[in-house]
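Engineer: Here you go, this is data.csv (CSV, C-alpha atoms and all ligand atoms).
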```
chain,number,residue,atom,x,y,z
A,1,MET,CA,110.7,134.5,-66.6
A,2,ALA,CA,107.1,135.5,-66.9
A,3,LEU,CA,105.1,138.1,-68.9
A,4,VAL,CA,103.7,140.4,-66.3
A,5,ARG,CA,102.6,143.3,-68.5
A,6,PHE,CA,100.7,141.4,-71.1
A,7,ASP,CA,97.0,140.6,-71.5
A,8,ALA,CA,96.8,137.2,-73.4
A,9,ALA,CA,93.0,137.4,-73.9
A,10,ALA,CA,93.1,140.9,-75.4
A,11,PHE,CA,96.1,139.8,-77.6
A,12,LEU,CA,94.2,136.8,-78.9
A,13,ARG,CA,91.1,138.9,-79.6
A,14,ASP,CA,92.8,141.9,-81.3
A,15,TYR,CA,96.1,140.7,-82.8
A,16,TRP,CA,96.7,136.9,-83.1
A,17,GLN,CA,96.6,136.1,-86.8
A,18,LYS,CA,95.4,139.6,-87.5
A,19,LYS,CA,98.0,142.3,-87.1
A,20,PRO,CA,101.5,143.0,-85.8
A,21,LEU,CA,102.0,144.1,-82.2
A,22,LEU,CA,105.0,145.7,-80.5
A,23,ILE,CA,105.1,144.7,-76.9
A,24,ARG,CA,107.6,146.8,-75.0
A,25,ASN,CA,109.5,144.8,-72.4
A,26,PRO,CA,106.6,142.9,-70.7
A,27,TRP,CA,108.8,140.6,-68.6
A,28,SER,CA,109.1,140.6,-64.8
A,29,GLN,CA,112.8,140.8,-65.4
A,30,TRP,CA,114.5,140.1,-68.8
A,31,ILE,CA,117.6,138.0,-68.7
A,32,ASN,CA,119.2,137.0,-72.0
A,33,PRO,CA,119.2,133.2,-71.7
A,34,LEU,CA,122.1,132.4,-74.1
A,35,ASP,CA,125.6,133.4,-74.7
A,36,PRO,CA,126.6,134.2,-78.3
A,37,ASP,CA,129.6,131.7,-78.0
A,38,GLU,CA,127.1,128.9,-77.0
A,39,LEU,CA,125.1,129.7,-80.1
A,40,ALA,CA,128.2,129.6,-82.3
A,41,GLY,CA,129.0,126.2,-80.7
A,42,LEU,CA,125.6,124.8,-81.6
A,43,ALA,CA,126.0,125.9,-85.2
A,44,CYS,CA,129.1,123.7,-85.3
A,45,GLU,CA,127.1,120.6,-84.3
A,46,PRO,CA,126.1,118.2,-87.1
A,47,GLU,CA,122.6,117.5,-85.8
A,48,VAL,CA,121.7,121.2,-85.5
A,49,GLU,CA,120.3,123.2,-88.4
A,50,SER,CA,122.0,126.5,-88.9
A,51,ARG,CA,122.8,129.2,-91.5
A,52,LEU,CA,125.2,132.0,-91.8
A,53,VAL,CA,124.0,135.0,-93.9
A,54,ILE,CA,126.7,137.4,-95.0
A,55,GLY,CA,126.0,140.8,-96.4
A,56,ALA,CA,123.3,143.4,-96.1
A,57,GLN,CA,120.7,145.2,-98.2
A,58,GLY,CA,121.0,144.1,-101.8
A,59,SER,CA,123.5,141.3,-101.5
A,60,TRP,CA,123.2,138.3,-99.3
A,61,ALA,CA,125.3,135.1,-99.4
A,62,VAL,CA,124.2,132.0,-97.4
A,63,GLU,CA,126.3,129.3,-95.9
A,64,HIS,CA,124.7,126.2,-94.3
A,65,GLY,CA,125.8,124.6,-91.1
A,66,PRO,CA,127.4,122.7,-89.5
A,67,LEU,CA,130.0,125.5,-89.6
A,68,ALA,CA,133.6,125.0,-88.8
A,69,ALA,CA,134.6,126.8,-85.5
A,70,ALA,CA,137.4,128.6,-87.4
A,71,ARG,CA,134.7,130.2,-89.7
A,72,PHE,CA,133.7,132.7,-87.0
A,73,ALA,CA,137.3,134.0,-86.7
A,74,LYS,CA,137.4,134.7,-90.4
A,75,LEU,CA,134.3,136.9,-90.6
A,76,GLY,CA,135.3,140.2,-92.1
A,77,GLN,CA,133.8,143.6,-91.7
A,78,GLU,CA,130.6,142.8,-93.7
A,79,PRO,CA,127.4,142.5,-91.6
A,80,SER,CA,126.6,138.9,-90.8
A,81,THR,CA,123.8,137.0,-89.2
A,82,LEU,CA,124.0,133.5,-87.7
A,83,LEU,CA,120.7,131.7,-87.5
A,84,VAL,CA,120.3,128.5,-85.5
A,85,GLN,CA,117.0,126.5,-85.5
A,86,ALA,CA,115.4,124.7,-82.6
A,87,VAL,CA,117.8,126.0,-80.0
A,88,ASP,CA,115.1,125.2,-77.4
A,89,HIS,CA,115.7,121.5,-78.1
A,90,HIS,CA,119.3,121.8,-76.8
A,91,VAL,CA,119.3,124.6,-74.2
A,92,PRO,CA,116.7,124.3,-71.4
A,93,GLN,CA,117.0,128.0,-70.5
A,94,VAL,CA,115.9,128.9,-74.1
A,95,ALA,CA,113.1,126.3,-73.9
A,96,GLU,CA,111.8,128.2,-70.9
A,97,LEU,CA,110.9,131.1,-73.2
A,98,ILE,CA,108.1,129.0,-74.6
A,99,ALA,CA,106.2,128.8,-71.3
A,100,PRO,CA,104.9,132.5,-71.4
A,101,PHE,CA,103.3,131.8,-74.9
A,102,ARG,CA,101.5,128.6,-73.8
A,103,PHE,CA,98.2,130.5,-74.0
A,104,ILE,CA,98.5,129.1,-77.5
A,105,PRO,CA,98.2,125.3,-77.7
A,106,ASP,CA,101.5,123.3,-77.7
A,107,TRP,CA,100.7,121.6,-81.0
A,108,ARG,CA,100.8,125.0,-82.7
A,109,ILE,CA,104.4,125.7,-81.5
A,110,ASP,CA,107.3,124.9,-83.8
A,111,ASP,CA,110.5,125.9,-82.2
A,112,ILE,CA,112.8,128.7,-81.1
A,113,MET,CA,115.2,130.0,-83.7
A,114,VAL,CA,118.0,132.2,-82.4
A,115,SER,CA,119.9,134.8,-84.5
A,116,TYR,CA,123.0,136.7,-83.8
A,117,ALA,CA,123.9,139.6,-86.0
A,118,THR,CA,126.7,142.2,-86.3
A,119,ASP,CA,125.9,145.9,-87.0
A,120,GLY,CA,123.7,146.1,-90.1
A,121,GLY,CA,123.1,142.4,-90.3
A,122,GLY,CA,119.7,140.9,-91.2
A,123,VAL,CA,118.1,138.4,-93.5
A,124,GLY,CA,116.3,140.9,-95.7
A,125,PRO,CA,112.7,141.8,-96.2
A,126,HIS,CA,110.6,138.6,-96.4
A,127,PHE,CA,107.4,137.0,-95.2
A,128,ASP,CA,106.8,133.7,-93.4
A,129,GLN,CA,103.8,131.4,-93.5
A,130,TYR,CA,103.7,131.3,-89.7
A,131,ASP,CA,103.1,133.5,-86.6
A,132,VAL,CA,106.2,134.5,-84.8
A,133,PHE,CA,107.1,136.3,-81.6
A,134,LEU,CA,110.4,138.0,-82.1
A,135,ILE,CA,112.0,138.6,-78.7
A,136,GLN,CA,115.0,140.9,-78.6
A,137,GLY,CA,117.5,139.1,-76.4
A,138,HIS,CA,120.5,141.4,-76.5
A,139,GLY,CA,121.5,144.5,-78.4
A,140,ARG,CA,119.1,146.4,-80.6
A,141,ARG,CA,117.3,145.7,-83.9
A,142,ARG,CA,115.3,147.9,-86.1
A,143,TRP,CA,112.2,146.1,-87.3
A,144,ARG,CA,110.0,147.2,-90.1
A,145,VAL,CA,106.7,145.6,-90.9
A,146,GLY,CA,104.8,146.0,-94.1
A,147,GLN,CA,102.2,144.7,-96.5
A,148,VAL,CA,100.3,141.4,-96.5
A,149,CYS,CA,101.9,139.0,-99.0
A,150,ASP,CA,100.9,135.8,-100.7
A,151,ALA,CA,102.2,133.2,-103.2
A,152,ASP,CA,102.1,135.8,-106.0
A,153,SER,CA,104.1,138.4,-104.2
A,154,PRO,CA,107.2,139.1,-106.4
A,155,LEU,CA,110.5,137.9,-105.0
A,156,LEU,CA,114.1,138.8,-105.8
A,157,PRO,CA,116.0,136.2,-107.7
A,158,HIS,CA,117.9,134.5,-104.8
A,159,ASP,CA,118.5,130.7,-104.6
A,160,GLU,CA,118.3,130.5,-100.8
A,161,LEU,CA,116.5,133.5,-99.3
A,162,ARG,CA,112.9,134.3,-100.2
A,163,LEU,CA,113.5,138.1,-100.4
A,164,LEU,CA,110.6,140.4,-101.4
A,165,ALA,CA,111.1,142.5,-104.5
A,166,ASN,CA,108.9,145.2,-103.0
A,167,PHE,CA,108.6,146.2,-99.4
A,168,GLU,CA,106.1,148.7,-98.3
A,169,ALA,CA,106.9,149.6,-94.7
A,170,THR,CA,103.8,150.6,-92.6
A,171,ASP,CA,105.5,150.7,-89.2
A,172,GLU,CA,109.0,150.8,-87.8
A,173,TRP,CA,110.5,150.3,-84.3
A,174,VAL,CA,113.9,149.8,-82.7
A,175,LEU,CA,113.6,146.9,-80.2
A,176,GLU,CA,115.6,146.9,-77.0
A,177,PRO,CA,116.4,143.8,-74.9
A,178,GLY,CA,113.1,142.2,-73.6
A,179,ASP,CA,110.9,143.9,-76.3
A,180,ILE,CA,108.7,141.5,-78.3
A,181,LEU,CA,107.4,142.0,-81.8
A,182,TYR,CA,104.5,139.7,-82.8
A,183,VAL,CA,104.2,139.2,-86.6
A,184,PRO,CA,101.2,137.3,-88.1
A,185,PRO,CA,101.6,135.0,-91.1
A,186,ARG,CA,102.3,136.5,-94.5
A,187,ILE,CA,103.1,140.0,-93.2
A,188,ALA,CA,106.3,141.4,-94.8
A,189,HIS,CA,109.0,142.2,-92.2
A,190,ASP,CA,112.6,143.2,-92.1
A,191,GLY,CA,115.0,143.3,-89.1
A,192,VAL,CA,118.3,145.0,-89.2
A,193,ALA,CA,120.8,145.0,-86.3
A,194,VAL,CA,121.5,148.4,-84.8
A,195,GLY,CA,125.0,147.9,-83.4
A,196,ASP,CA,126.8,144.6,-82.8
A,197,ASP,CA,125.8,141.7,-80.5
A,198,CYS,CA,122.2,141.7,-81.7
A,199,MET,CA,120.4,138.5,-80.6
A,200,THR,CA,116.8,137.7,-81.5
A,201,TYR,CA,114.7,134.8,-80.3
A,202,SER,CA,112.0,133.7,-82.7
A,203,VAL,CA,109.3,131.8,-81.0
A,204,GLY,CA,107.8,130.2,-84.2
A,205,PHE,CA,104.4,128.5,-84.7
A,206,ARG,CA,103.2,126.1,-87.3
A,207,ALA,CA,99.9,125.6,-89.1
A,208,PRO,CA,99.6,122.6,-91.4
A,209,SER,CA,98.5,123.4,-95.0
A,210,ARG,CA,95.5,121.6,-96.3
A,211,SER,CA,97.6,119.9,-98.9
A,212,GLU,CA,100.1,118.7,-96.3
A,213,LEU,CA,97.3,117.4,-94.1
A,214,ILE,CA,95.5,115.5,-96.9
A,215,ALA,CA,98.7,114.1,-98.4
A,216,HIS,CA,100.1,112.8,-95.2
A,217,TYR,CA,96.8,111.5,-93.8
A,218,VAL,CA,96.0,109.7,-97.0
A,219,ASP,CA,99.6,108.4,-97.3
A,220,ASP,CA,99.4,106.9,-93.8
A,221,MET,CA,95.9,105.5,-94.3
A,222,VAL,CA,96.8,103.9,-97.7
A,223,ALA,CA,99.8,102.1,-96.0
A,224,GLU,CA,97.2,100.2,-93.8
A,225,MET,CA,94.7,99.4,-96.6
A,226,ASP,CA,94.1,96.0,-98.0
A,227,ASP,CA,94.2,95.4,-101.7
A,228,ASP,CA,91.0,93.3,-101.4
A,229,ASP,CA,89.1,96.4,-100.2
A,230,ARG,CA,87.8,97.2,-103.7
A,231,TYR,CA,84.9,98.4,-105.7
A,232,CYS,CA,82.3,95.7,-106.2
A,233,ASP,CA,78.9,95.6,-108.0
A,234,PRO,CA,77.1,92.3,-107.4
A,235,GLU,CA,73.8,94.0,-108.2
A,236,LEU,CA,75.0,95.4,-111.5
A,237,ALA,CA,72.1,96.1,-113.9
A,238,GLU,CA,72.4,96.4,-117.6
A,239,GLN,CA,72.9,100.1,-118.7
A,240,ALA,CA,71.4,101.7,-121.8
A,241,ASN,CA,74.7,103.2,-122.7
A,242,PRO,CA,77.8,101.2,-121.6
A,243,GLY,CA,79.9,104.4,-122.1
A,244,GLU,CA,78.3,106.1,-119.1
A,245,ILE,CA,79.8,106.1,-115.6
A,246,SER,CA,76.5,105.9,-113.8
A,247,VAL,CA,75.3,108.0,-110.8
A,248,GLU,CA,75.1,104.8,-108.7
A,249,ALA,CA,78.7,103.8,-109.5
A,250,LEU,CA,79.9,107.3,-108.8
A,251,ALA,CA,78.1,107.3,-105.5
A,252,THR,CA,79.8,104.1,-104.4
A,253,LEU,CA,83.2,105.2,-105.6
A,254,HIS,CA,82.8,108.6,-103.8
A,255,GLN,CA,81.7,106.8,-100.6
A,256,MET,CA,84.8,104.6,-100.8
A,257,VAL,CA,87.0,107.7,-100.7
A,258,CYS,CA,85.0,110.0,-98.4
A,259,GLY,CA,83.9,107.2,-96.0
A,260,ALA,CA,87.5,106.4,-95.3
A,261,LEU,CA,88.4,110.0,-94.8
A,262,ALA,CA,85.4,110.8,-92.6
A,263,ASP,CA,86.2,108.6,-89.6
A,264,ARG,CA,86.9,111.2,-86.9
A,265,GLN,CA,88.4,108.8,-84.4
A,266,SER,CA,91.0,107.5,-86.9
A,267,PHE,CA,91.7,111.1,-87.8
A,268,ALA,CA,92.2,112.2,-84.2
A,269,ARG,CA,94.6,109.4,-83.5
A,270,TRP,CA,96.5,110.0,-86.7
A,271,PHE,CA,96.8,113.7,-86.1
A,272,GLY,CA,98.0,113.2,-82.5
A,273,GLU,CA,100.8,110.9,-83.8
A,274,TYR,CA,101.5,113.1,-86.8
A,275,SER,CA,101.7,116.4,-84.9
A,276,THR,CA,103.9,115.1,-82.2
A,277,THR,CA,106.4,113.5,-84.5
A,278,PRO,CA,109.8,115.0,-83.6
A,279,LYS,CA,111.0,117.8,-85.8
A,280,TYR,CA,114.5,116.2,-86.1
A,281,PRO,CA,113.7,112.4,-85.9
A,282,GLU,CA,117.4,111.6,-86.7
A,283,VAL,CA,118.5,112.9,-83.3
A,284,ASP,CA,118.7,110.0,-80.9
A,285,TRP,CA,117.7,111.0,-77.3
A,286,THR,CA,117.4,107.5,-75.9
A,287,PRO,CA,119.3,106.9,-72.7
A,288,ASP,CA,122.6,105.1,-72.8
A,289,GLU,CA,121.3,102.5,-70.3
A,290,PRO,CA,117.6,101.4,-70.5
A,291,VAL,CA,115.6,102.4,-67.5
A,292,SER,CA,114.0,99.4,-65.6
A,293,LEU,CA,110.6,99.4,-64.0
A,294,GLU,CA,112.3,99.0,-60.6
A,295,GLU,CA,114.3,102.2,-61.1
A,296,VAL,CA,111.2,104.0,-62.1
A,297,ARG,CA,109.4,102.8,-58.9
A,298,LEU,CA,112.3,103.9,-56.8
A,299,HIS,CA,112.5,107.4,-58.4
A,300,LEU,CA,108.8,107.9,-58.1
A,301,ALA,CA,108.8,106.7,-54.5
A,302,ASN,CA,111.6,109.2,-53.7
A,303,GLY,CA,109.7,112.1,-55.3
A,304,THR,CA,112.3,112.7,-58.0
A,305,THR,CA,111.2,115.4,-60.5
A,306,LEU,CA,110.3,114.2,-64.0
A,307,VAL,CA,111.7,116.4,-66.6
A,308,ARG,CA,110.4,116.4,-70.2
A,309,ASN,CA,112.9,116.5,-73.0
A,310,PRO,CA,112.5,120.0,-74.5
A,311,ALA,CA,112.9,118.3,-78.0
A,312,SER,CA,110.0,116.0,-77.3
A,313,ARG,CA,106.4,116.8,-78.3
A,314,PHE,CA,103.6,115.9,-75.9
A,315,SER,CA,99.8,116.2,-76.6
A,316,PHE,CA,96.7,114.4,-75.5
A,317,ILE,CA,93.2,113.9,-76.9
A,318,GLN,CA,90.3,113.3,-74.6
A,319,ALA,CA,88.5,110.2,-75.8
A,320,ASP,CA,85.2,108.8,-74.6
A,321,GLU,CA,86.7,106.0,-72.5
A,322,GLY,CA,90.0,107.7,-71.5
A,323,VAL,CA,92.9,109.7,-72.7
A,324,ASP,CA,95.1,109.2,-75.8
A,325,LEU,CA,98.6,110.5,-74.9
A,326,PHE,CA,100.8,111.3,-77.8
A,327,VAL,CA,104.6,111.5,-77.3
A,328,ASP,CA,107.0,112.0,-80.2
A,329,GLY,CA,104.7,110.3,-82.7
A,330,HIS,CA,103.7,107.4,-80.5
A,331,CYS,CA,100.2,106.9,-79.0
A,332,PHE,CA,99.8,105.6,-75.5
A,333,SER,CA,96.2,104.6,-74.9
A,334,CYS,CA,95.5,105.6,-71.2
A,335,ARG,CA,92.4,103.7,-70.0
A,336,ASP,CA,93.5,102.2,-66.7
A,337,GLY,CA,94.2,104.8,-64.1
A,338,SER,CA,96.9,106.7,-66.0
A,339,GLU,CA,94.6,109.3,-67.5
A,340,ALA,CA,95.2,112.0,-64.9
A,341,PHE,CA,98.9,111.5,-65.1
A,342,ALA,CA,98.8,111.8,-68.9
A,343,ARG,CA,97.0,115.1,-68.7
A,344,LYS,CA,99.4,116.4,-66.1
A,345,ILE,CA,102.6,115.5,-68.0
A,346,CYS,CA,101.1,117.4,-71.0
A,347,ALA,CA,100.4,120.4,-68.9
A,348,GLU,CA,103.8,120.6,-67.1
A,349,SER,CA,107.3,120.2,-68.5
A,350,ARG,CA,108.7,119.5,-65.0
A,351,LEU,CA,106.6,117.3,-62.7
A,352,VAL,CA,106.7,116.1,-59.2
A,353,ALA,CA,103.5,114.1,-59.3
A,354,ASP,CA,101.6,113.5,-56.1
A,355,ALA,CA,101.3,110.0,-54.7
A,356,LYS,CA,97.7,109.5,-55.8
A,357,LEU,CA,98.6,110.3,-59.4
A,358,LEU,CA,101.6,108.0,-59.4
A,359,GLN,CA,99.9,105.0,-57.7
A,360,PRO,CA,98.5,103.0,-60.6
A,361,ASP,CA,101.0,100.5,-62.0
A,362,SER,CA,100.1,101.6,-65.5
A,363,VAL,CA,101.7,105.0,-64.7
A,364,HIS,CA,105.0,103.3,-63.8
A,365,VAL,CA,105.0,101.4,-67.1
A,366,LEU,CA,104.1,104.6,-69.0
A,367,VAL,CA,107.0,106.5,-67.3
A,368,MET,CA,109.4,103.7,-68.1
A,369,GLN,CA,108.3,103.7,-71.8
A,370,MET,CA,108.6,107.4,-72.1
A,371,ALA,CA,112.0,107.4,-70.3
A,372,ASN,CA,113.3,104.7,-72.6
A,373,ARG,CA,112.2,106.8,-75.6
A,374,GLY,CA,114.2,109.7,-74.3
A,375,ALA,CA,111.1,111.8,-73.9
A,376,ILE,CA,111.4,112.2,-70.1
A,377,ALA,CA,114.3,111.9,-67.6
A,378,PHE,CA,114.6,111.9,-63.9
A,379,GLU,CA,116.2,115.1,-62.6
A,380,GLN,CA,119.8,114.5,-61.5
A,381,ASP,CA,121.0,116.0,-58.2
A,382,ASP,CA,124.1,118.0,-59.0
B,1,LIG,C1,116.1,137.1,-87.6
B,1,LIG,O1,116.1,136.8,-86.4
B,1,LIG,O2,117.1,137.8,-88.0
B,1,LIG,C2,115.0,136.8,-88.5
B,1,LIG,C3,113.8,136.3,-87.9
B,1,LIG,C4,112.6,136.4,-88.9
B,1,LIG,O3,112.5,137.4,-89.6
B,1,LIG,O4,111.7,135.6,-88.9
B,2,CO,CO,110.7,136.2,-90.7
```
Rewrite the structure from the file as structure tokens, please.
Structural biologist:
Amino acid sequence: MALVRFDAAAFLRDYWQKKPLLIRNPWSQWINPLDPDELAGLACEPEVESRLVIGAQGSWAVEHGPLAAARFAKLGQEPSTLLVQAVDHHVPQVAELIAPFRFIPDWRIDDIMVSYATDGGGVGPHFDQYDVFLIQGHGRRRWRVGQVCDADSPLLPHDELRLLANFEATDEWVLEPGDILYVPPRIAHDGVAVGDDCMTYSVGFRAPSRSELIAHYVDDMVAEMDDDDRYCDPELAEQANPGEISVEALATLHQMVCGALADRQSFARWFGEYSTTPKYPEVDWTPDEPVSLEEVRLHLANGTTLVRNPASRFSFIQADEGVDLFVDGHCFSCRDGSEAFARKICAESRLVADAKLLQPDSVHVLVMQMANRGAIAFEQDD
């Protein structure tokens, strides 16, 4: 499915990170990619993150997944919303909803959360730290958007949901299947199902906080540092006042910290690894049987399509001497003919590479390594 009535450049210029936008059904043809029963099935899986929110305006109770299949039969008349995180990791048809939004770089994309609500269901007025495209999949939902919030915005006392104490609606729309509402970070919003069978797909983005970046970067750097790498002062001169921390000492100390942080190449490599680390690293995607180099060669010679695992994260950084390919937190340094293939596998989630691209032996090894990490697979004929 593609967005045909949508101008990405105008959207980035006028709305992205700036203000909400309602996009009335811009698809060539909207087809709801997931059945509510399949969503309920995912919420019963132990490796899938899910929540069930029961109640409506004023009183909400939250249950965390994995849910027992019998739980769905016991839902009463009260409005309810089932929310399942990272459905794109498990359902390729849902993962396909990301492609139309790839005018935004992959590393900014988080995942697709899917909600299913009965009449009147919703998670209450709140704000998120991230941009989101809310695609109405099935049924109808009334969305209201409101004020810009921040860490000081008063919240209602609720242990699980970050509900806003005040909501000042500025706009309101009823979304029909295929309609999309873009909501920038920190804008108050509230969606309430109008009628049953209301499904919403949230294409969510991520943006690291400065504190998260510094904490993780420093943590990972410190792990590699040597205890002998230490302040030293062989040229120490006598000071008039021994109580003073001198300008010279401070300059050296400051340089010890900032010099280590300032290395752009190390930062680039670290960020590539960090930002492609899987969201759910505990989920094991590795194949039952390891793939051999011979099998890889055979598949590539036969023109078998390479399919990226939708749960895997791929990015590359252009380096002076080649390409650093990052897959699920691992760096593959491509310097020996595999550079073009690395760029291509980052651009396309399904790939029948041409013979020239696949020729270098380094590409065969790379494909084998990625296959054995569960990041790519060879398409099976059904
Ligand atoms: C929902 O799908 O019900 C909630 C999505 C959101 O507000 O971020
Ligand atoms: Co939200």
Engineer: Would you pick out the contacts of segment 43-57 of chain A at 6 Å or less, using all atoms listed in the file, so that residues sharing its chain but fewer than 2 positions from it are not included, and give the list as a PyMOL selection string?
Structural biologist: chain A and resi 40-41+59-68+78-85+121
Engineer: Extract, using all atoms listed in the file, all DNA, RNA and protein residues at most 12 Å from segment 263-265 of chain A, discarding same-chain residues fewer than 6 positions from it, and format them as a ChimeraX atom specification.
Structural biologist: /A:217,221,256-257,271-272,317-320,324
Engineer: Distance limit 9 Å, reference ligand CO 2 (chain B), atoms considered: only C-alpha atoms and all ligand atoms. Which residues make the cut? Give them as a ChimeraX atom specification.
Structural biologist: /A:123-130,132,134,183,187-191,202
Engineer: Extract, using all atoms listed in the file, all DNA, RNA and protein residues at most 12 Å from Val148 of chain A, discarding same-chain residues fewer than 2 positions from it, and format them as JSON, numbers by chain.
Structural biologist: {"A": [17, 18, 19, 20, 126, 127, 128, 129, 145, 146, 150, 151, 152, 153, 164, 166, 167, 168, 169, 170, 183, 184, 185, 186, 187, 188, 189]}
Engineer: Which residues, written as a PDB file with C-alpha atoms, keeping the file's coordinate frame, have at least one atom at most 10 Å from Ile180 of chain A, with all atoms listed in the file counted and residues fewer than 6 positions away on the same chain left out?
Structural biologist:
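Output file selection.pdb is given in full below:
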```pdb
ATOM      1  CA  LEU A  21     102.000 144.100 -82.200  1.00  0.00           C
ATOM      2  CA  LEU A  22     105.000 145.700 -80.500  1.00  0.00           C
ATOM      3  CA  ILE A  23     105.100 144.700 -76.900  1.00  0.00           C
ATOM      4  CA  ARG A  24     107.600 146.800 -75.000  1.00  0.00           C
ATOM      5  CA  ASN A  25     109.500 144.800 -72.400  1.00  0.00           C
ATOM      6  CA  PRO A  26     106.600 142.900 -70.700  1.00  0.00           C
ATOM      7  CA  TRP A  27     108.800 140.600 -68.600  1.00  0.00           C
ATOM      8  CA  VAL A 132     106.200 134.500 -84.800  1.00  0.00           C
ATOM      9  CA  PHE A 133     107.100 136.300 -81.600  1.00  0.00           C
ATOM     10  CA  LEU A 134     110.400 138.000 -82.100  1.00  0.00           C
ATOM     11  CA  ILE A 135     112.000 138.600 -78.700  1.00  0.00           C
ATOM     12  CA  GLN A 136     115.000 140.900 -78.600  1.00  0.00           C
ATOM     13  CA  GLY A 137     117.500 139.100 -76.400  1.00  0.00           C
ATOM     14  CA  THR A 200     116.800 137.700 -81.500  1.00  0.00           C
ATOM     15  CA  TYR A 201     114.700 134.800 -80.300  1.00  0.00           C
ATOM     16  CA  SER A 202     112.000 133.700 -82.700  1.00  0.00           C
TER      17      SER A 202
END
```
Engineer: Given all atoms listed in the file as the basis, pick out the residue of A:Arg313, A:Arg297, A:Arg206, A:Arg162 nearest to Leu366 of chain A.
Structural biologist: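 Closest candidate: A:Arg297.
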Engineer: What does the distance between atom CA of Ile98 of chain A and atom CA of Ala347 of chain A come to in Å, to one decimal place?
Structural biologist: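 Taking atom CA of Ile98 of chain A as the start and atom CA of Ala347 of chain A as the end point, the length is 12.9 Å.
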Engineer: One decimal, Å: what's the distance from atom CA of Leu253 of chain A over to atom CA of Glu273 of chain A, could you say?
Structural biologist: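 Here the two named atoms are 28.6 Å from each other.
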Engineer: Tell me, as a list in words, which residues lie within 9 Å of Met1 of chain A, counting all atoms listed in the file; anything in the same chain fewer than 5 positions away does not count.
Structural biologist: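 Here the qualifying residues turn out to be Trp27, Ser28, Gln29, Trp30, Ile31, Glu96, Leu97, Ala99 and Pro100 of chain A.
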Engineer: The selected residues should be written to file as a short mmCIF file (atom, residue, chain, number, x, y, z; two decimals), keeping the file's coordinate frame (atoms: C-alpha atoms).
Structural biologist:
```
data_model
loop_
_atom_site.label_atom_id
_atom_site.label_comp_id
_atom_site.auth_asym_id
_atom_site.auth_seq_id
_atom_site.Cartn_x
_atom_site.Cartn_y
_atom_site.Cartn_z
CA TRP A 27 108.80 140.60 -68.60
CA SER A 28 109.10 140.60 -64.80
CA GLN A 29 112.80 140.80 -65.40
CA TRP A 30 114.50 140.10 -68.80
CA ILE A 31 117.60 138.00 -68.70
CA GLU A 96 111.80 128.20 -70.90
CA LEU A 97 110.90 131.10 -73.20
CA ALA A 99 106.20 128.80 -71.30
CA PRO A 100 104.90 132.50 -71.40
#
```
Engineer: Go ahead and compute the interatomic distance for atom CA of Asp219 of chain A and atom CA of Met370 of chain A, in Å to one decimal.
Structural biologist: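 Atom CA of Asp219 of chain A sits 26.8 Å away from atom CA of Met370 of chain A.
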Engineer: Using all atoms listed in the file for the distances, tell me which of A:Val363, A:Ala70, A:Leu357, A:Ile109 is nearest to Ser315 of chain A.
Structural biologist: A:Ile109
Engineer: Put the listed atoms of ligand LIG 1 (chain B) in a box along x, y and z with 3 Å added on every side and give me the centre and edge lengths in Å to one decimal, as lines of an AutoDock Vina configuration file.
Structural biologist:
```
center_x = 114.4
center_y = 136.7
center_z = -88.0
size_x = 11.4
size_y = 8.2
size_z = 9.2
```
Engineer: So which one's closest to ligand LIG 1 (chain B), A:Asp111, A:Glu244, A:Asp106, A:Glu294? Using only C-alpha atoms and all ligand atoms, please.
Structural biologist: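 Looking only at the distances to ligand LIG 1 (chain B), the closest residue turns out to be A:Asp111.
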Engineer: Compute the distance from (103.2, 121.2, -76.7) to each atom, counting all atoms listed in the file, keep the residues with any atom at most 12 Å away, and return them as a VMD selection string; use the coordinates of the file.
Structural biologist: chain A and resid 95 98 to 99 101 to 111 205 to 206 272 275 to 278 308 to 316 325 to 328 343 345 to 349
Engineer: Given only C-alpha atoms and all ligand atoms as the basis, pick out the residue of A:Arg350, A:Arg142, A:Arg269, A:Arg210 nearest to ligand LIG 1 (chain B).
Structural biologist: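 Ranking A:Arg350, A:Arg142, A:Arg269, A:Arg210 by distance to ligand LIG 1 (chain B), first place goes to A:Arg142.
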Engineer: Considering only C-alpha atoms and all ligand atoms, can you say which of A:Asp131, A:Asp196, A:Asp361, A:Glu176 comes closest to ligand LIG 1 (chain B)?
Structural biologist: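 Closest candidate: A:Asp131.
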Engineer: Of the residues A:Lys74, A:Arg373, A:Arg140, A:His254, which is the one nearest to ligand LIG 1 (chain B), using only C-alpha atoms and all ligand atoms?
Structural biologist: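 Of A:Lys74, A:Arg373, A:Arg140, A:His254, the one nearest ligand LIG 1 (chain B) is A:Arg140, counting only C-alpha atoms and all ligand atoms.
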